[in-house]
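Below is one structure, written out as structure tokens; the observations come after it.
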Amino acid sequence: MVIPERVNLIAVKTLINSSSIRLVLFENREGNLFLSSNCSYPEGTVYYATVPSLLLMFFEGQINLQTLFDNSPSIFVEISNDKDTALYHRKNAEVKINCGDKTVKDLTTHCNIEIW
């Protein structure tokens with residue numbers, strides 16, 4: 001089981017950075033992929049695992065941001081804000097991603113995105 005503790009993650013690339021959402025790709029020493037994005041509930045930044053197939057589906061517009069998060073292989077997620085950092089078991093916490101109902105096209109209409 002891989003736990004997305006941000007102190008163990010290395011930033012790879014900021015994928016989307018706009019006034020409403022910031023989506024950053026990370027990896028750990030073992031090469032596992034993680035994302036961070038703003039969440040409206042609980043408020044803060046959530047760190048969660050992902051896999052290349054989910055990222056590709058998101059970049060192709062097949063799924064929205066909330067679906068990308070909801071299908072994460074993470075059992076635990078880390079949520080941090082100005083006051084606190086905590087691990088949450090996904091079955092015990094409902095996490096709402098900012099702009100979660102948006103696809104990559106919706107999110108990048110007015111900002112540049114570089115897909116490598």
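We label chains A, B, ... in the order they appear in the structure tokens, count residues from 1 in each chain, and number ligands from 1 in the order shown.
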
Can you check which parts of stretch 14-43 of chain A lie within 7 Å of stretch 83-96 of chain A? Per residue, the shortest pair of atoms and distance in Å to one decimal, counting only C-alpha atoms, sorted by chain and number, as CSV.
residue,atom,partner,partner_atom,distance
A:Cys39,CA,A:Lys96,CA,5.6
A:Ser40,CA,A:Lys96,CA,5.7
A:Tyr41,CA,A:Lys96,CA,5.1
A:Pro42,CA,A:Val95,CA,6.3

At a cut-off of 12 Å, using only C-alpha atoms, what residues contact stretch 100-107 of chain A? Leave out same-chain residues fewer than 3 positions from it and give the result as an MDAnalysis selection string. chainID A and resid 15:23 37:41 55:70 95:97 110:115

From a backbone DSSP assignment, name each residue in stretch 5-57 of chain A labelled strand (DSSP E), as a PyMOL selection string. chain A and resi 10-17+22-27+33-41+43-50

Contacts of A:Glu27 at 9 Å or less, counting only C-alpha atoms, minus same-chain residues fewer than 3 places along, as a ChimeraX atom specification? /A:8-12,30-35,49

What gap, in Å, lies between atom CA of A:Phe26 and atom CA of A:Thr109? 23.7 Å

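DSSP secondary structure from the backbone places Pro52, Ser53, Leu54, Leu55, Leu56, Met57, Phe58, Phe59, Leu65, Gln66, Thr67, Leu68, Phe69, Asp70, Val104, Lys105, Asp106 and Leu107 of chain A of chain A in alpha helix (DSSP H).
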
Serialized selection, C-alpha atoms, as a JSON list (two decimals), in the first residue's frame:
[["chain", "number", "residue", "atom", "x", "y", "z"],
["A", 52, "PRO", "CA", -0.86, 6.46, -16.16],
["A", 53, "SER", "CA", -4.11, 5.06, -17.57],
["A", 54, "LEU", "CA", -6.22, 7.41, -15.40],
["A", 55, "LEU", "CA", -4.05, 10.40, -16.30],
["A", 56, "LEU", "CA", -4.41, 9.58, -19.99],
["A", 57, "MET", "CA", -8.19, 9.30, -19.68],
["A", 58, "PHE", "CA", -8.24, 12.70, -17.97],
["A", 59, "PHE", "CA", -5.99, 14.32, -20.60],
["A", 65, "LEU", "CA", -11.18, 15.79, -12.28],
["A", 66, "GLN", "CA", -13.43, 14.35, -9.55],
["A", 67, "THR", "CA", -13.57, 11.01, -11.39],
["A", 68, "LEU", "CA", -9.78, 11.04, -11.65],
["A", 69, "PHE", "CA", -9.64, 11.44, -7.88],
["A", 70, "ASP", "CA", -12.47, 8.99, -7.14],
["A", 104, "VAL", "CA", -9.20, 18.98, -18.89],
["A", 105, "LYS", "CA", -10.65, 21.02, -21.77],
["A", 106, "ASP", "CA", -12.91, 22.95, -19.38],
["A", 107, "LEU", "CA", -10.02, 23.61, -17.02]]

List the neighbours of A:Pro73 out to 9 Å using only C-alpha atoms; skip same-chain residues closer than 6 positions along the sequence, and give me the result as a ChimeraX atom specification. /A:2,48-51

Take the residues from that selection and write them out as a PDB file, in the first residue's frame, keeping C-alpha atoms.
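Output below, filename part-v1.pdb:
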ATOM      1  CA  VAL A   2       1.372   3.395  -1.025  1.00  0.00           C
ATOM      2  CA  TYR A  48      -3.396  11.036  -3.862  1.00  0.00           C
ATOM      3  CA  ALA A  49      -1.963   8.225  -5.971  1.00  0.00           C
ATOM      4  CA  THR A  50      -2.727   7.851  -9.660  1.00  0.00           C
ATOM      5  CA  VAL A  51      -1.787   5.605 -12.547  1.00  0.00           C
TER       6      VAL A  51
END

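As for atom CA of A:Thr108 and atom CA of A:Asn71, they are spaced 21.5 Å apart.
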
Quick one: distance from atom CA of A:Tyr47 to atom CA of A:Leu25 in Å, one decimal? 9.7 Å
